[in-house]
Amino acid sequence: MLDINFIRNNPDKVREGAKKKGMDHHIVDEFLRFDEKWREAVSALDEARAKQNKITKEIAQGSPSTLRRGSGQAALREECLEEAKQLKERVALLQKEERELQEKREEALLQIPNLPFDDVPVGRDERENKELRVVGKKRDFAREGFEPKDHLALGEGLGILDFERGAKVAGSGFYYLKNEAALLELGLVRYALDILGKKGFEFCFTPDMAREKFYLGTGYLPRGPEAQTYMIEGTDLGLIATAEVTLAGLHADEVLGEEELPKMYAGYSHCFRQEAGAYGKYSKGLYRVHQFTKVEMFVYTTPEESETTHQKLLALEEEIWRGLGIPYRVLEMCAGDLGSQAARKYDLEAWMPGRAHSAGSGQGDWGEITSTSNTTDFQSRRLGIKYRRKDGLLGFAHTLNGTAIATPRAIVAILENYQKKDGSVEIPHVLRKYVGKKVIRRSRK
RNA sequence: GGAGGCGUGGCAGAGCGGUCGAAUGCAGCAUCCUGCUAAGAUGUUGAGGGAGCAAUCCCUCCGAGGGUUCGAAUCCUUCCGCCUCCGCCA
């Protein structure tokens, strides 16, 4: 959520920001309208309450000043009580009005997105994202004399992925990781954690569920037609779609000291996504699943540091993928593809030789593997994440998130990029010590 | 899951239904004292919102919501969390 005073003082900037993100900018005016009405209601309510407090005090002290003349003390007291009762009703009425307006104002406020930074590329959707660089070299399978397989064929051939039985037991979109695939998953996690540990991140296994208010605070809508989240019936708990929710919630309603910032967490969790409506050959196999493991980076820092921190998170994601030896490209999201929380966002896409090309013809395509966002104070305002500045004042911390490793897509990229003509798969050097072998071959059984 | 207890300011910890935004201690800040540091003296310090050019004034907040009352940190109730005991389990 944005700073209310900022919206009041800069409605044009807010409208423009929402427009850049391709969102309806009329909500800004709607907010301002309710805000105005709400303020009037608050004034009226405060006035009534002030009167109520005054008369209440007089009753307590037994010296009513509002009714000096007249009959005896007992009668005066009676009159005061009568007036107090009337005020009580009036306050209740005004309070109801105030609450209704407050609610509408809040509702509008929550729909206003975070503003993109000025230098974020303009654009409507993912087609206008800006490619910053391509790192690594794609393998030339034609020269090697064979057609690359996709990870499904490879994984099932090697007996390390089982989607059929995953579907039997839990439904389509679930899977079993077996043998080397299981070791790859664990190895990838350790690999990422080992890198992050050297950079001062604290490791954190988070809950895989969170209360609804933390989804809302982080900027996700857990219910409704477009919701990604699985909610637990009869509770306000949901399975998290990313540890961003639990890591942002970690310091909700807390005051951090400036000297303890930046606070950097490497959070391990399972992620659960409904992925409703996402089917087809572009999302088959491990690419789009209902449950997966992810190590998420999450940083609390100061407004002064957030942009340089964001660059560091991006650099870390690149370090992890460069180490895996897989070609990737770096994209900066255009304003229209930022989502409501981010002021800036970068994605890494890995080359996946077995992936059906989205343009139709040809083999291989880029597939999203990481995403890092600077959400500035958008989340911390809603979640109450403050920090005590060196000058003694309170400020809202900035929060940033980024994917360290999302294991299934990493496994997709590894299988497809490291495959050999005979269907075996080499294991990237950096992972060998975790997996305990150099090559995955079909077992003889 | 059953029984009981608790939830107050950055922390610790008082608080008869009205004079409580809240004693006290610690921490913080300012000044003084001291050759420096430590110790000490005095003062000061919660958050949010509204009105006003401003000085300032007003309102709300004692885990969250609801209720009783002219008036609730204090009484009732629901929820959340923590602690103790029992049960159940990995």
# chains A, B, ... in the order shown; residues from 1 in each chain; ligands from 1
>>> interface_residues(of="chain A", to="chain B", cutoff="8 Å", atoms="only C-alpha atoms (C1' of nucleotides)", output="CSV table (one decimal) with C-alpha atoms, in the first residue's frame")
chain,number,residue,atom,x,y,z
A,39,ARG,CA,-12.1,12.8,7.1
A,42,VAL,CA,-13.9,11.5,11.6
A,43,SER,CA,-14.2,15.2,12.5
A,46,ASP,CA,-14.2,13.3,17.2
A,47,GLU,CA,-16.3,16.2,18.1
A,49,ARG,CA,-16.6,12.0,21.4
A,50,ALA,CA,-14.9,15.1,22.9
A,56,THR,CA,-18.6,11.8,31.4
A,57,LYS,CA,-15.8,13.5,33.4
A,59,ILE,CA,-20.5,13.1,36.1
A,60,ALA,CA,-17.6,11.4,37.7
A,80,CYS,CA,-26.3,15.0,32.8
A,81,LEU,CA,-26.9,11.3,32.6
A,82,GLU,CA,-29.7,11.9,30.1
A,84,ALA,CA,-24.7,11.5,28.2
A,85,LYS,CA,-27.1,8.8,27.0
A,88,LYS,CA,-23.7,7.7,23.4
>>> select_by_dssp(residues="stretch 237-412 of chain A", states="helix (DSSP H, G or I)", output="ChimeraX atom specification")
/A:244-250,258-260,281-283,285-287,306-324,335-337,378-383,407-412
>>> write_last_selection(atoms="N, CA and C atoms", output="short mmCIF file (atom, residue, chain, number, x, y, z; two decimals), in the first residue's frame")
data_model
loop_
_atom_site.label_atom_id
_atom_site.label_comp_id
_atom_site.auth_asym_id
_atom_site.auth_seq_id
_atom_site.Cartn_x
_atom_site.Cartn_y
_atom_site.Cartn_z
N GLU A 244 8.11 -15.84 0.21
CA GLU A 244 8.04 -14.39 0.34
C GLU A 244 6.99 -14.02 1.39
N VAL A 245 5.90 -14.76 1.40
CA VAL A 245 4.80 -14.48 2.34
C VAL A 245 5.26 -14.69 3.79
N THR A 246 5.91 -15.81 4.05
CA THR A 246 6.30 -16.10 5.43
C THR A 246 7.53 -15.28 5.84
N LEU A 247 8.38 -14.94 4.88
CA LEU A 247 9.57 -14.16 5.22
C LEU A 247 9.22 -12.69 5.43
N ALA A 248 8.23 -12.21 4.71
CA ALA A 248 7.76 -10.83 4.93
C ALA A 248 7.00 -10.78 6.25
N GLY A 249 6.27 -11.84 6.55
CA GLY A 249 5.51 -11.88 7.79
C GLY A 249 6.40 -12.02 9.01
N LEU A 250 7.60 -12.53 8.79
CA LEU A 250 8.53 -12.79 9.90
C LEU A 250 8.69 -11.57 10.81
N GLU A 258 18.09 0.26 12.89
CA GLU A 258 18.77 0.53 11.61
C GLU A 258 20.09 -0.22 11.54
N GLU A 259 20.74 -0.38 12.73
CA GLU A 259 22.06 -1.02 12.73
C GLU A 259 21.97 -2.51 12.40
N GLU A 260 20.78 -3.11 12.55
CA GLU A 260 20.68 -4.54 12.22
C GLU A 260 20.29 -4.76 10.75
N LYS A 281 1.50 -27.51 -23.95
CA LYS A 281 2.85 -28.03 -24.10
C LYS A 281 3.91 -27.07 -23.55
N TYR A 282 3.54 -25.79 -23.31
CA TYR A 282 4.54 -24.85 -22.80
C TYR A 282 4.73 -25.01 -21.30
N SER A 283 3.84 -25.76 -20.69
CA SER A 283 3.95 -25.88 -19.24
C SER A 283 3.86 -27.32 -18.81
N GLY A 285 5.18 -31.25 -17.83
CA GLY A 285 6.22 -31.82 -17.01
C GLY A 285 6.48 -31.01 -15.75
N LEU A 286 7.75 -30.87 -15.41
CA LEU A 286 8.13 -30.19 -14.19
C LEU A 286 8.05 -28.68 -14.30
N TYR A 287 7.78 -28.19 -15.52
CA TYR A 287 7.85 -26.73 -15.70
C TYR A 287 6.80 -26.00 -14.89
N SER A 306 17.96 0.18 -0.89
CA SER A 306 17.17 -0.88 -1.53
C SER A 306 17.57 -1.13 -2.99
N GLU A 307 17.89 -0.09 -3.73
CA GLU A 307 18.23 -0.32 -5.13
C GLU A 307 19.57 -1.04 -5.31
N THR A 308 20.57 -0.68 -4.50
CA THR A 308 21.84 -1.41 -4.62
C THR A 308 21.66 -2.84 -4.14
N THR A 309 20.82 -3.03 -3.12
CA THR A 309 20.53 -4.38 -2.66
C THR A 309 19.87 -5.20 -3.76
N HIS A 310 19.00 -4.56 -4.50
CA HIS A 310 18.31 -5.26 -5.58
C HIS A 310 19.32 -5.76 -6.61
N GLN A 311 20.29 -4.91 -6.93
CA GLN A 311 21.33 -5.32 -7.88
C GLN A 311 22.12 -6.51 -7.33
N LYS A 312 22.34 -6.51 -6.01
CA LYS A 312 23.07 -7.62 -5.40
C LYS A 312 22.29 -8.92 -5.50
N LEU A 313 20.98 -8.83 -5.30
CA LEU A 313 20.16 -10.05 -5.41
C LEU A 313 20.22 -10.59 -6.83
N LEU A 314 20.14 -9.68 -7.79
CA LEU A 314 20.22 -10.11 -9.19
C LEU A 314 21.58 -10.75 -9.46
N ALA A 315 22.64 -10.13 -8.94
CA ALA A 315 23.99 -10.67 -9.15
C ALA A 315 24.11 -12.07 -8.55
N LEU A 316 23.47 -12.28 -7.39
CA LEU A 316 23.52 -13.60 -6.76
C LEU A 316 22.79 -14.65 -7.59
N GLU A 317 21.64 -14.26 -8.12
CA GLU A 317 20.91 -15.20 -8.99
C GLU A 317 21.78 -15.58 -10.18
N GLU A 318 22.47 -14.59 -10.72
CA GLU A 318 23.33 -14.88 -11.87
C GLU A 318 24.50 -15.76 -11.46
N GLU A 319 25.06 -15.50 -10.28
CA GLU A 319 26.18 -16.32 -9.80
C GLU A 319 25.75 -17.79 -9.69
N ILE A 320 24.56 -17.99 -9.16
CA ILE A 320 24.06 -19.36 -9.00
C ILE A 320 23.89 -20.05 -10.35
N TRP A 321 23.36 -19.33 -11.32
CA TRP A 321 23.10 -19.96 -12.62
C TRP A 321 24.36 -20.06 -13.48
N ARG A 322 25.27 -19.10 -13.33
CA ARG A 322 26.53 -19.21 -14.03
C ARG A 322 27.27 -20.44 -13.53
N GLY A 323 27.21 -20.64 -12.21
CA GLY A 323 27.87 -21.79 -11.61
C GLY A 323 27.32 -23.11 -12.12
N LEU A 324 26.04 -23.13 -12.43
CA LEU A 324 25.43 -24.36 -12.93
C LEU A 324 25.81 -24.60 -14.39
N ALA A 335 6.93 -1.83 -17.27
CA ALA A 335 5.97 -1.40 -16.25
C ALA A 335 4.72 -2.27 -16.24
N GLY A 336 4.26 -2.65 -17.43
CA GLY A 336 3.02 -3.41 -17.53
C GLY A 336 3.13 -4.83 -16.99
N ASP A 337 4.35 -5.30 -16.76
CA ASP A 337 4.55 -6.68 -16.31
C ASP A 337 5.10 -6.75 -14.89
N PHE A 378 6.10 -0.84 -0.01
CA PHE A 378 4.71 -1.22 -0.31
C PHE A 378 4.22 -2.33 0.62
N GLN A 379 5.05 -3.33 0.85
CA GLN A 379 4.67 -4.42 1.75
C GLN A 379 4.79 -4.00 3.20
N SER A 380 5.85 -3.26 3.51
CA SER A 380 6.10 -2.95 4.93
C SER A 380 5.04 -2.02 5.50
N ARG A 381 4.43 -1.18 4.67
CA ARG A 381 3.35 -0.34 5.17
C ARG A 381 2.17 -1.19 5.62
N ARG A 382 1.84 -2.18 4.81
CA ARG A 382 0.69 -3.00 5.16
C ARG A 382 1.00 -3.94 6.31
N LEU A 383 2.24 -4.41 6.37
CA LEU A 383 2.59 -5.39 7.38
C LEU A 383 3.17 -4.74 8.63
N THR A 407 13.61 -25.52 -7.45
CA THR A 407 14.25 -26.76 -7.90
C THR A 407 13.69 -27.40 -9.17
N PRO A 408 12.36 -27.47 -9.37
CA PRO A 408 11.91 -28.21 -10.55
C PRO A 408 12.40 -27.59 -11.86
N ARG A 409 12.34 -26.29 -11.96
CA ARG A 409 12.78 -25.68 -13.20
C ARG A 409 14.29 -25.80 -13.37
N ALA A 410 14.99 -25.79 -12.24
CA ALA A 410 16.44 -26.01 -12.33
C ALA A 410 16.71 -27.42 -12.85
N ILE A 411 15.90 -28.38 -12.40
CA ILE A 411 16.08 -29.76 -12.85
C ILE A 411 15.75 -29.86 -14.34
N VAL A 412 14.71 -29.16 -14.76
CA VAL A 412 14.38 -29.13 -16.19
C VAL A 412 15.59 -28.65 -16.98
#
>>> residues_around(residues="B:G4", least_positions_apart="6", cutoff="12 Å", atoms="only C-alpha atoms (C1' of nucleotides)", output="list in words")
C83, U84, C85 and C86 of chain B
>>> atom_distance(atom1="atom CA of A:Val255", atom2="atom CA of A:Thr301")
12.3 Å
>>> residues_around(residues="A:Leu2", least_positions_apart="6", cutoff="8 Å", atoms="only C-alpha atoms (C1' of nucleotides)", output="list in words")
Leu109, Ile112, Pro113, Asn114, Asp377, Phe378 and Arg381 of chain A
>>> residues_around(residues="stretch 167-179 of chain A", least_positions_apart="5", cutoff="6 Å", atoms="only C-alpha atoms (C1' of nucleotides)", output="MDAnalysis selection string")
chainID A and resid 160:162 289:290
>>> atom_distance(atom1="atom C1' of B:A64", atom2="atom CA of A:Lys96")
18.8 Å
>>> atom_distance(atom1="atom CA of A:Lys20", atom2="atom CA of A:Val122")
7.0 Å
>>> closest_residue(among="A:Leu415, A:Gly136, A:Leu115, A:Arg432", to="A:Glu156", atoms="only C-alpha atoms")
A:Leu415
>>> residues_around(residues="A:Asp12", least_positions_apart="3", cutoff="12 Å", atoms="only C-alpha atoms (C1' of nucleotides)", output="PyMOL selection string")
chain A and resi 6-9+15-19+25-26+28-29+32+115
>>> select_by_dssp(residues="stretch 214-422 of chain A", states="strand (DSSP E)", output="JSON, numbers by chain")
{"A": [230, 231, 237, 238, 239, 254, 255, 256, 257, 263, 264, 265, 266, 267, 268, 269, 270, 271, 272, 291, 292, 293, 294, 295, 296, 297, 298, 299, 300, 301, 328, 329, 330, 331, 332, 344, 345, 346, 347, 348, 349, 350, 351, 352, 353, 354, 355, 356, 363, 364, 365, 366, 367, 368, 369, 370, 371, 372, 373, 374, 385, 386, 387, 388, 394, 395, 396, 398, 399, 400, 401, 402, 403, 404, 405, 406]}
>>> write_last_selection(atoms="C-alpha atoms", output="short mmCIF file (atom, residue, chain, number, x, y, z; two decimals), in the first residue's frame")
data_model
loop_
_atom_site.label_atom_id
_atom_site.label_comp_id
_atom_site.auth_asym_id
_atom_site.auth_seq_id
_atom_site.Cartn_x
_atom_site.Cartn_y
_atom_site.Cartn_z
CA TYR A 230 -4.82 -23.30 -1.82
CA MET A 231 -6.79 -22.29 1.25
CA LEU A 237 -4.73 -20.58 6.59
CA GLY A 238 -3.43 -21.18 3.11
CA LEU A 239 -0.54 -23.14 1.64
CA GLU A 254 8.07 -5.15 14.52
CA VAL A 255 10.47 -2.27 14.86
CA LEU A 256 13.95 -3.16 13.61
CA GLY A 257 17.07 -1.21 14.51
CA LYS A 263 18.47 -8.38 7.38
CA MET A 264 18.96 -11.06 4.77
CA TYR A 265 17.16 -14.38 4.82
CA ALA A 266 17.51 -17.46 2.69
CA GLY A 267 14.18 -19.14 3.25
CA TYR A 268 13.48 -22.73 2.31
CA SER A 269 9.91 -23.76 1.76
CA HIS A 270 7.56 -25.75 -0.34
CA CYS A 271 5.37 -23.70 -2.63
CA PHE A 272 1.85 -24.60 -3.69
CA GLN A 291 3.99 -28.18 -5.51
CA PHE A 292 7.68 -27.44 -5.55
CA THR A 293 10.64 -26.55 -3.38
CA LYS A 294 12.24 -23.14 -3.44
CA VAL A 295 14.96 -21.23 -1.66
CA GLU A 296 13.89 -17.62 -1.57
CA MET A 297 16.04 -14.63 -0.73
CA PHE A 298 14.32 -11.94 1.26
CA VAL A 299 15.92 -8.71 2.47
CA TYR A 300 14.81 -5.98 4.83
CA THR A 301 16.75 -2.79 4.31
CA TYR A 328 20.46 -17.67 -19.28
CA ARG A 329 19.31 -14.21 -20.10
CA VAL A 330 18.43 -11.30 -17.87
CA LEU A 331 15.22 -9.39 -18.43
CA GLU A 332 14.04 -6.20 -16.87
CA ARG A 344 11.30 -2.80 -10.29
CA LYS A 345 11.70 -6.44 -11.22
CA TYR A 346 14.18 -8.63 -13.05
CA ASP A 347 13.70 -12.17 -14.30
CA LEU A 348 16.29 -14.73 -15.26
CA GLU A 349 15.33 -17.11 -18.03
CA ALA A 350 17.31 -20.26 -18.67
CA TRP A 351 17.74 -21.87 -22.03
CA MET A 352 15.76 -25.09 -22.15
CA PRO A 353 16.67 -27.03 -25.30
CA GLY A 354 13.78 -29.48 -24.98
CA ARG A 355 11.10 -26.90 -24.48
CA ALA A 356 8.60 -26.36 -27.27
CA GLN A 363 13.20 -26.53 -30.69
CA GLY A 364 14.18 -24.96 -27.38
CA ASP A 365 13.04 -21.83 -25.62
CA TRP A 366 13.82 -19.56 -22.71
CA GLY A 367 12.01 -20.47 -19.50
CA GLU A 368 11.62 -18.31 -16.41
CA ILE A 369 13.73 -19.54 -13.51
CA THR A 370 14.10 -16.63 -11.12
CA SER A 371 12.47 -13.33 -10.34
CA THR A 372 13.64 -10.55 -8.07
CA SER A 373 11.61 -7.53 -7.04
CA ASN A 374 12.14 -4.34 -5.12
CA ILE A 385 7.57 -3.40 9.26
CA LYS A 386 9.33 -0.37 10.70
CA TYR A 387 12.86 0.50 11.59
CA ARG A 388 14.31 2.96 14.09
CA LEU A 394 10.61 5.61 12.73
CA GLY A 395 10.53 4.70 9.07
CA PHE A 396 9.13 1.91 6.97
CA HIS A 398 12.12 -1.56 2.26
CA THR A 399 11.65 -5.21 1.38
CA LEU A 400 13.10 -7.14 -1.54
CA ASN A 401 12.73 -10.70 -2.68
CA GLY A 402 14.42 -12.92 -5.19
CA THR A 403 14.52 -16.57 -6.16
CA ALA A 404 17.75 -18.31 -5.19
CA ILE A 405 16.68 -21.64 -6.60
CA ALA A 406 13.33 -23.11 -7.58
#
>>> residues_around(residues="B:G21", least_positions_apart="2", cutoff="9 Å", atoms="only C-alpha atoms (C1' of nucleotides)", output="list in words")
G9, G46, C61 and C62 of chain B
